[in-house]
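What follows is one structure encoded as C-alpha cells, with my remarks underneath.
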Amino acid sequence: MILAAGQGTRVRPLTHDLPKPMVPILGKPVMEYLIEHLARHGVRQIMVNVAYHHQAIERYFGDGRRWGVELGYSYEGVVEHGDVVPRPLGSAGGMRRIQDFSGFFDETTLVLCGDALIDLDITAAIAEHKAKQALASVVALDVPREQVRAYGIVVADEEGCIQSFQEKPKPEEALSTLASTGIYLFEPQVLDMIPAGKEYDIGSELFPQLVAQKAPFYVQNRAFHWLDIGRVSDYWSVLQRVLKGEVDNMPMPGTEVRPGVWVGLNTRIDWDKVTIEGPVYIGSSVTLEPGATIVGPAWIGNGSVISGGACVMRSVLFDYVRIPKGAYFHEMIVSRHYCVDRRGETLYRGDDRSHLRWGDARGHV
C-alpha cells in the first residue's frame with residue numbers, strides 16, 4: 001500500500017499543480033523510486049490511495065507493467081453541489097475502504113508513504129515481522145537525540161514491543177531516539193480494528209488502539225537511508241544528497257562528459273567558455289551561454305537557458321527556466337513561475353519585492 005492521497009501543503013508551491021508523490025528527483029517522480037524498490041524485493045501487487053491531482057499519478061504509472069508490478073488505485077472523494085471533490089479518509093481509513101471493497105489486504109501488507117526515498121531491506125523487515133509473530137510492526141530509524149523534536153518517537157521495551165509514542169518531544173524529554181519512518185507492516189486482522197466509512201489515521205488513532213489492547217506490536221530498529229520530503233527544505237536537502245551520489249539505486253541520467261558532469265541530449269555548450277564544478281546534471285536541449293557558471297550539486301532541467309555572466313550555485317532548475325545575464329541563484333529551487341530558497345521562502349516571477357529575475361525559456365532563440 002502506497003499512501004498518496006495527501007494534499008502536500010507543507011511543500012507548496014511544489015505541489016501547487018501536482019501531488020507530492022509526483023515531485024521529481026533526478027527527473028523521476030519520488031513514487032517511481034518506491035515502486036522500483038518494491039519490485040526489487042518481489043512485491044508485485046500494489047494499491048495506491050489517491051485524492052488531490054489523482055489523474056497525474058494514474059496517468060503516469062498506469063497499471064504498473066513498466067515496472068513489473070500490478071498497480072491499482074482507490075480514489076477518496078465526495079460529491080458536493082454536483083462536483084466531485086477530494087476527501088481523503090486518512091491513512092488507516094483509506095486502507096479500510098479498500099478492504100471493505102474487495103478484501104485486498106488478505107496477507108501481510110507493507111505500508112509506505114508516497115513521498116519518501118528509501119533503501120530499506122524490505123525482505124529482512126518482513127522476515128523479522130513474521131519471526132516475532134507481530135500483528136503490526138513499525139520500521140524506525142535511530143536518530144541523534146538533538147533531532148528527536150522533528151519526529152514521532154517510538155518507545156519500546158527490550159524485546160521491541162511498543163509501549164507508547166511521543167510526538168516531536170524535546171530532547172531532554174524523549175524516552176527513546178527511535179523515529180518512526182512511516183513504514184509499517186500489518187497482518188489482515190489489523191484492518192478489522194479500523195472503523196469503516198470514516199477518516200482514521202494510522203499514527204494518531206490506530207497505533208494507540210494497538211498499544212491499549214496490548215497487541216503483538218513491535219518496532220524494528222533498522223539502519224537505512226530514509227529521505228523524507230515533508231517540507232521544501234527537505235526537498236532541497238534530499239536533492240543535494242542524491243546529486244552527491246549518497247543514495248543507492250539512484251544513478252545520474254545522461255552521459256558523464258567530464259568528472260562529475262552529466263549531460264543529456266542536444267545541448268548547446270561551449271565548454272571552453274563556461275565554468276562548471278560538479279556534481280552537475282545538464283538536461284536535454286539546455287543552452288549555457290559563454291560566461292555562465294554552475295557550481296554543484298546542481299540540476300539544470302530540460303530546455304533551460306543560463307545566460308552569460310549568470311551563476312547557478314547548489315540549485316535546482318526545473319524544465320524550461322531562463323536565467324538572465326548576470327543573475328545569481330544560490331541554494332534555490334527555480335521553476336518558470338516561482339523560486340523557493342532552501343528554507344521554503346517563495347518568490348513569484350514578476351514580484352516587485354524581489355531583486356531576482358528569471359523567466360520562461362520556451363521560445364528562446
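We label chains A, B, ... in the order they appear in the C-alpha cells, count residues from 1 in each chain, and number ligands from 1 in the order shown.
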Show me, as JSON lines, the residues of stretch 191-264 of chain A having an atom within 10 Å of stretch 119-127 of chain A, each with the closest atom pair and its distance in Å, using only C-alpha atoms.
{"residue": "A:Gln220", "atom": "CA", "partner": "A:Ala125", "partner_atom": "CA", "distance": 7.6}
{"residue": "A:Asn221", "atom": "CA", "partner": "A:Ala125", "partner_atom": "CA", "distance": 9.7}
{"residue": "A:Arg222", "atom": "CA", "partner": "A:Leu120", "partner_atom": "CA", "distance": 8.0}
{"residue": "A:Ala223", "atom": "CA", "partner": "A:Leu120", "partner_atom": "CA", "distance": 7.9}
{"residue": "A:Phe224", "atom": "CA", "partner": "A:Leu120", "partner_atom": "CA", "distance": 5.4}
{"residue": "A:His225", "atom": "CA", "partner": "A:Asp119", "partner_atom": "CA", "distance": 5.6}
{"residue": "A:Trp226", "atom": "CA", "partner": "A:Asp119", "partner_atom": "CA", "distance": 7.1}
{"residue": "A:Leu227", "atom": "CA", "partner": "A:Asp119", "partner_atom": "CA", "distance": 9.4}
{"residue": "A:Val247", "atom": "CA", "partner": "A:Asp119", "partner_atom": "CA", "distance": 8.0}
{"residue": "A:Asp248", "atom": "CA", "partner": "A:Asp119", "partner_atom": "CA", "distance": 7.1}
{"residue": "A:Asn249", "atom": "CA", "partner": "A:Asp119", "partner_atom": "CA", "distance": 8.1}
- Query: Hey, what does DSSP flag as strand (DSSP E or B) within stretch 83-279 of chain A? Can you give it to me as a PyMOL selection string?
  - Reply: chain A and resi 83-86+109-113+116-118+136-142+152-156+161-167+178-186+217-221+226-228+255-258+261-263+268-269+275-277
- Message: Using only C-alpha atoms, which protein or nucleic acid residues come within 8 Å of A:Cys113? Drop anything in the same chain fewer than 3 positions from it, and give the result as a list of chain:residue names.
- Response: A:Ile2, A:Leu3, A:Ala4, A:Ala116, A:Gly182, A:Ile183
- Have a look at A:Leu347, A:Ala215, A:Val238, A:Val111 and name the one nearest to A:Val316; count only C-alpha atoms.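 The answer is A:Val238, which sits nearest to A:Val316.
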Produce a table with one row for each residue of stretch 52-74 of chain A that has an atom at most 9 Å from any atom of stretch 37-43 of chain A, each row naming the nearest atom pair and its distance in Å at one decimal; use only C-alpha atoms; arrange rows by chain and rising residue number; format as CSV.
residue,atom,partner,partner_atom,distance
A:Trp67,CA,A:Ala39,CA,7.1
A:Gly68,CA,A:Ala39,CA,6.8
A:Val69,CA,A:Ala39,CA,6.6
- May I ask which of the residues A:Arg349, A:Gln240, A:Val340, A:Gln99 is the closest one to A:Val295, counting only C-alpha atoms? A:Gln240
- Task: Have a look at A:Val79, A:Ala174, A:Ile229, A:Ala92 and name the one nearest to A:Lys20; count only C-alpha atoms.
- Result: A:Ile229
- Which residue, A:Leu110, A:Ile153, A:Ala292, A:Met31, has the smallest gap to A:Pro188 when you use only C-alpha atoms? A:Leu110
- Counting only C-alpha atoms, what is within 9 Å of A:Pro253, bar same-chain residues fewer than 5 positions away, as JSON, numbers by chain? {"A": [26, 27, 262, 263, 264, 281, 283]}
At most 7 Å is the cut-off: for each residue in stretch 163-273 of chain A with any atom that close to an atom of stretch 141-148 of chain A, write down the nearest atom pair and the distance in Å rounded to one decimal, counting only C-alpha atoms, chain first then increasing number, as CSV.
residue,atom,partner,partner_atom,distance
A:Lys168,CA,A:Val148,CA,6.1
A:Pro169,CA,A:Val148,CA,6.4
A:Lys170,CA,A:Val148,CA,7.0
A:Pro171,CA,A:Glu146,CA,5.5
A:Thr177,CA,A:Asp142,CA,5.6
A:Leu178,CA,A:Asp142,CA,4.6
A:Ala179,CA,A:Leu141,CA,5.2
A:Ser180,CA,A:Leu141,CA,6.7
A:Thr181,CA,A:Leu141,CA,6.8
A:Asn221,CA,A:Leu141,CA,5.7
A:Arg222,CA,A:Leu141,CA,5.7
A:Ala223,CA,A:Leu141,CA,6.3
- Query: What does the distance from atom CA of A:Gln133 to atom CA of A:Leu185 come to in Å, to one decimal?
  - Reply: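 Atom-to-atom, atom CA of A:Gln133 and atom CA of A:Leu185 are spaced 11.4 Å apart.
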- Task: Measuring atom to atom with only C-alpha atoms, identify which of A:Val261, A:Ile118, A:Leu89, A:Ala5 is nearest to A:Leu34.
- Result: A:Ile118
DSSP says helix (DSSP H, G or I) for which residues of stretch 108-249 of chain A? Put them as a tab-separated table (two decimals) with N, CA, C and O atoms, in the first residue's frame?
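After the write, selection-v9.tsv holds the following:
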chain	number	residue	atom	x	y	z
A	122	ILE	N	13.56	-4.57	2.55
A	122	ILE	CA	12.17	-4.96	2.77
A	122	ILE	C	12.05	-6.44	3.09
A	122	ILE	O	11.27	-6.85	3.96
A	123	THR	N	12.85	-7.25	2.41
A	123	THR	CA	12.80	-8.69	2.64
A	123	THR	C	13.13	-9.02	4.10
A	123	THR	O	12.44	-9.83	4.75
A	124	ALA	N	14.17	-8.38	4.65
A	124	ALA	CA	14.55	-8.61	6.04
A	124	ALA	C	13.50	-8.09	7.00
A	124	ALA	O	13.23	-8.71	8.04
A	125	ALA	N	12.89	-6.95	6.68
A	125	ALA	CA	11.86	-6.38	7.55
A	125	ALA	C	10.66	-7.31	7.64
A	125	ALA	O	10.09	-7.53	8.73
A	126	ILE	N	10.24	-7.87	6.53
A	126	ILE	CA	9.11	-8.80	6.53
A	126	ILE	C	9.46	-10.07	7.31
A	126	ILE	O	8.65	-10.59	8.08
A	127	ALA	N	10.70	-10.56	7.14
A	127	ALA	CA	11.13	-11.77	7.85
A	127	ALA	C	11.11	-11.54	9.37
A	127	ALA	O	10.65	-12.41	10.13
A	128	GLU	N	11.57	-10.37	9.84
A	128	GLU	CA	11.56	-10.08	11.27
A	128	GLU	C	10.13	-9.97	11.78
A	128	GLU	O	9.80	-10.46	12.88
A	129	HIS	N	9.26	-9.33	11.01
A	129	HIS	CA	7.85	-9.19	11.38
A	129	HIS	C	7.22	-10.57	11.60
A	129	HIS	O	6.51	-10.80	12.59
A	130	LYS	N	7.48	-11.47	10.68
A	130	LYS	CA	6.89	-12.82	10.78
A	130	LYS	C	7.53	-13.63	11.91
A	130	LYS	O	6.84	-14.38	12.62
A	131	ALA	N	8.86	-13.47	12.09
A	131	ALA	CA	9.54	-14.23	13.13
A	131	ALA	C	9.01	-13.86	14.52
A	131	ALA	O	8.92	-14.72	15.41
A	145	ARG	N	19.87	12.39	19.46
A	145	ARG	CA	18.89	12.91	20.43
A	145	ARG	C	18.50	14.36	20.13
A	145	ARG	O	17.35	14.73	20.30
A	146	GLU	N	19.44	15.15	19.64
A	146	GLU	CA	19.11	16.56	19.39
A	146	GLU	C	18.14	16.73	18.22
A	146	GLU	O	17.59	17.81	18.01
A	147	GLN	N	17.88	15.65	17.46
A	147	GLN	CA	16.95	15.74	16.33
A	147	GLN	C	15.57	15.16	16.61
A	147	GLN	O	14.70	15.19	15.74
A	148	VAL	N	15.33	14.64	17.81
A	148	VAL	CA	14.07	13.95	18.06
A	148	VAL	C	12.86	14.87	17.94
A	148	VAL	O	11.75	14.42	17.63
A	149	ARG	N	13.04	16.17	18.14
A	149	ARG	CA	11.91	17.09	18.09
A	149	ARG	C	11.31	17.18	16.69
A	149	ARG	O	10.24	17.77	16.51
A	150	ALA	N	11.95	16.60	15.70
A	150	ALA	CA	11.43	16.63	14.33
A	150	ALA	C	10.63	15.39	13.97
A	150	ALA	O	10.10	15.30	12.86
A	171	PRO	N	14.37	17.16	23.31
A	171	PRO	CA	15.44	16.16	23.52
A	171	PRO	C	15.54	15.68	24.96
A	171	PRO	O	15.73	14.47	25.21
A	172	GLU	N	15.39	16.59	25.92
A	172	GLU	CA	15.52	16.19	27.33
A	172	GLU	C	14.31	15.38	27.82
A	172	GLU	O	14.38	14.73	28.86
A	173	GLU	N	13.21	15.40	27.07
A	173	GLU	CA	12.01	14.67	27.47
A	173	GLU	C	11.81	13.38	26.69
A	173	GLU	O	10.91	12.60	27.01
A	188	PRO	N	-3.69	-8.99	8.33
A	188	PRO	CA	-5.07	-8.65	7.95
A	188	PRO	C	-5.98	-8.30	9.13
A	188	PRO	O	-6.89	-7.47	8.99
A	189	GLN	N	-5.73	-8.90	10.31
A	189	GLN	CA	-6.60	-8.64	11.46
A	189	GLN	C	-6.60	-7.17	11.87
A	189	GLN	O	-7.56	-6.68	12.47
A	190	VAL	N	-5.51	-6.47	11.56
A	190	VAL	CA	-5.42	-5.05	11.93
A	190	VAL	C	-6.50	-4.25	11.23
A	190	VAL	O	-7.05	-3.29	11.79
A	191	LEU	N	-6.85	-4.63	10.01
A	191	LEU	CA	-7.86	-3.88	9.26
A	191	LEU	C	-9.22	-3.91	9.95
A	191	LEU	O	-10.02	-2.97	9.83
A	192	ASP	N	-9.49	-4.98	10.69
A	192	ASP	CA	-10.76	-5.08	11.41
A	192	ASP	C	-10.86	-4.07	12.55
A	192	ASP	O	-11.96	-3.78	13.03
A	193	MET	N	-9.72	-3.55	13.00
A	193	MET	CA	-9.71	-2.60	14.10
A	193	MET	C	-9.98	-1.16	13.65
A	193	MET	O	-10.18	-0.27	14.47
A	202	ILE	N	-3.41	6.29	10.93
A	202	ILE	CA	-2.61	5.19	11.45
A	202	ILE	C	-1.87	5.61	12.72
A	202	ILE	O	-1.98	4.97	13.77
A	203	GLY	N	-1.12	6.70	12.64
A	203	GLY	CA	-0.25	7.07	13.75
A	203	GLY	C	-0.98	7.55	14.99
A	203	GLY	O	-0.66	7.12	16.11
A	204	SER	N	-1.95	8.44	14.80
A	204	SER	CA	-2.58	9.06	15.96
A	204	SER	C	-3.77	8.30	16.51
A	204	SER	O	-4.19	8.53	17.65
A	205	GLU	N	-4.33	7.36	15.73
A	205	GLU	CA	-5.53	6.66	16.19
A	205	GLU	C	-5.38	5.14	16.23
A	205	GLU	O	-5.69	4.50	17.24
A	206	LEU	N	-4.90	4.54	15.14
A	206	LEU	CA	-4.77	3.08	15.13
A	206	LEU	C	-3.68	2.60	16.09
A	206	LEU	O	-3.89	1.65	16.84
A	207	PHE	N	-2.53	3.26	16.09
A	207	PHE	CA	-1.44	2.79	16.93
A	207	PHE	C	-1.76	2.87	18.42
A	207	PHE	O	-1.48	1.91	19.17
A	208	PRO	N	-2.35	3.97	18.93
A	208	PRO	CA	-2.74	3.95	20.35
A	208	PRO	C	-3.72	2.83	20.68
A	208	PRO	O	-3.69	2.27	21.78
A	209	GLN	N	-4.56	2.48	19.72
A	209	GLN	CA	-5.51	1.38	19.92
A	209	GLN	C	-4.76	0.05	20.07
A	209	GLN	O	-5.07	-0.77	20.94
A	210	LEU	N	-3.73	-0.15	19.25
A	210	LEU	CA	-2.94	-1.38	19.34
A	210	LEU	C	-2.20	-1.46	20.68
A	210	LEU	O	-2.12	-2.53	21.30
A	211	VAL	N	-1.67	-0.32	21.13
A	211	VAL	CA	-0.97	-0.29	22.42
A	211	VAL	C	-1.93	-0.58	23.56
A	211	VAL	O	-1.65	-1.37	24.46
A	212	ALA	N	-3.11	0.04	23.53
A	212	ALA	CA	-4.10	-0.13	24.60
A	212	ALA	C	-4.56	-1.58	24.70
A	212	ALA	O	-4.84	-2.08	25.80
A	232	VAL	N	9.69	21.88	1.93
A	232	VAL	CA	10.51	22.33	0.81
A	232	VAL	C	11.99	22.23	1.17
A	232	VAL	O	12.82	21.82	0.34
A	233	SER	N	12.35	22.58	2.40
A	233	SER	CA	13.75	22.49	2.82
A	233	SER	C	14.25	21.05	2.75
A	233	SER	O	15.41	20.80	2.41
A	234	ASP	N	13.38	20.09	3.04
A	234	ASP	CA	13.75	18.67	2.93
A	234	ASP	C	14.02	18.31	1.47
A	234	ASP	O	14.96	17.57	1.17
A	235	TYR	N	13.19	18.82	0.57
A	235	TYR	CA	13.35	18.52	-0.86
A	235	TYR	C	14.71	19.00	-1.34
A	235	TYR	O	15.43	18.28	-2.03
A	236	TRP	N	15.08	20.22	-0.96
A	236	TRP	CA	16.38	20.76	-1.38
A	236	TRP	C	17.50	19.88	-0.80
A	236	TRP	O	18.45	19.52	-1.52
A	237	SER	N	17.42	19.52	0.47
A	237	SER	CA	18.46	18.71	1.11
A	237	SER	C	18.58	17.33	0.47
A	237	SER	O	19.69	16.82	0.25
A	238	VAL	N	17.42	16.72	0.18
A	238	VAL	CA	17.43	15.40	-0.45
A	238	VAL	C	18.11	15.46	-1.81
A	238	VAL	O	18.95	14.61	-2.15
A	239	LEU	N	17.78	16.46	-2.61
A	239	LEU	CA	18.40	16.58	-3.92
A	239	LEU	C	19.91	16.77	-3.82
A	239	LEU	O	20.67	16.22	-4.63
A	240	GLN	N	20.35	17.53	-2.83
A	240	GLN	CA	21.79	17.71	-2.66
A	240	GLN	C	22.47	16.37	-2.37
A	240	GLN	O	23.53	16.06	-2.94
A	241	ARG	N	21.87	15.56	-1.53
A	241	ARG	CA	22.46	14.25	-1.19
A	241	ARG	C	22.44	13.32	-2.40
A	241	ARG	O	23.41	12.59	-2.66
A	242	VAL	N	21.33	13.33	-3.14
A	242	VAL	CA	21.22	12.46	-4.31
A	242	VAL	C	22.24	12.86	-5.36
A	242	VAL	O	22.92	12.01	-5.96
A	243	LEU	N	22.38	14.14	-5.61
A	243	LEU	CA	23.34	14.61	-6.61
A	243	LEU	C	24.78	14.28	-6.23
A	243	LEU	O	25.63	14.08	-7.09
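By chain and then residue number, the residues within 6 Å of A:Tyr73 are Met47, Val48 and Asn49 of chain A, counting only C-alpha atoms and disregarding those fewer than 6 positions away in sequence.
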Atoms kept (C-alpha atoms) for selection, written as an mmCIF file, in the first residue's frame:
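The resulting selection-v2.cif:
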data_model
loop_
_atom_site.group_PDB
_atom_site.id
_atom_site.type_symbol
_atom_site.label_atom_id
_atom_site.label_comp_id
_atom_site.auth_asym_id
_atom_site.auth_seq_id
_atom_site.Cartn_x
_atom_site.Cartn_y
_atom_site.Cartn_z
ATOM 1 C CA MET A 47 -2.615 -0.413 -4.142
ATOM 2 C CA VAL A 48 -2.355 3.391 -4.090
ATOM 3 C CA ASN A 49 -4.914 5.627 -2.409
#
- When you draw a straight line from atom CA of A:Gln163 to atom CA of A:Glu107, how long is it in Å?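 Atom-to-atom, atom CA of A:Gln163 to atom CA of A:Glu107, that is 25.1 Å.
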- Determine, counting only C-alpha atoms, which protein, DNA and RNA residues have an atom within 7 Å of an atom of A:Gly291; residues of the same chain fewer than 4 positions away are not included. Present the result as an NGL selection string. :A and (273-274 or 308-309)
Saved selection, atoms kept: N, CA and C atoms, as a tab-separated table (two decimals), in the first residue's frame:
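File written: part10.tsv
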chain	number	residue	atom	x	y	z
A	273	LYS	N	34.25	28.09	-22.59
A	273	LYS	CA	33.82	29.43	-22.21
A	273	LYS	C	32.81	29.43	-21.06
A	274	VAL	N	32.61	28.29	-20.42
A	274	VAL	CA	31.73	28.21	-19.24
A	274	VAL	C	32.51	27.61	-18.09
A	308	GLY	N	24.92	34.41	-20.27
A	308	GLY	CA	26.28	34.78	-19.97
A	308	GLY	C	26.37	35.63	-18.71
A	309	GLY	N	27.36	35.33	-17.87
A	309	GLY	CA	27.55	36.09	-16.64
A	309	GLY	C	26.66	35.64	-15.50
- Item | Surrounding residues of A:Ala310 excluding itself and chain neighbours under 6 positions, 10 Å, only C-alpha atoms, as a PyMOL selection string | chain A and resi 288-294+323-329
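Take the candidates A:Ile333, A:Asp157, A:Val138, A:Asp100 and check each one against A:Leu112 using only C-alpha atoms; the shortest distance goes to A:Val138.
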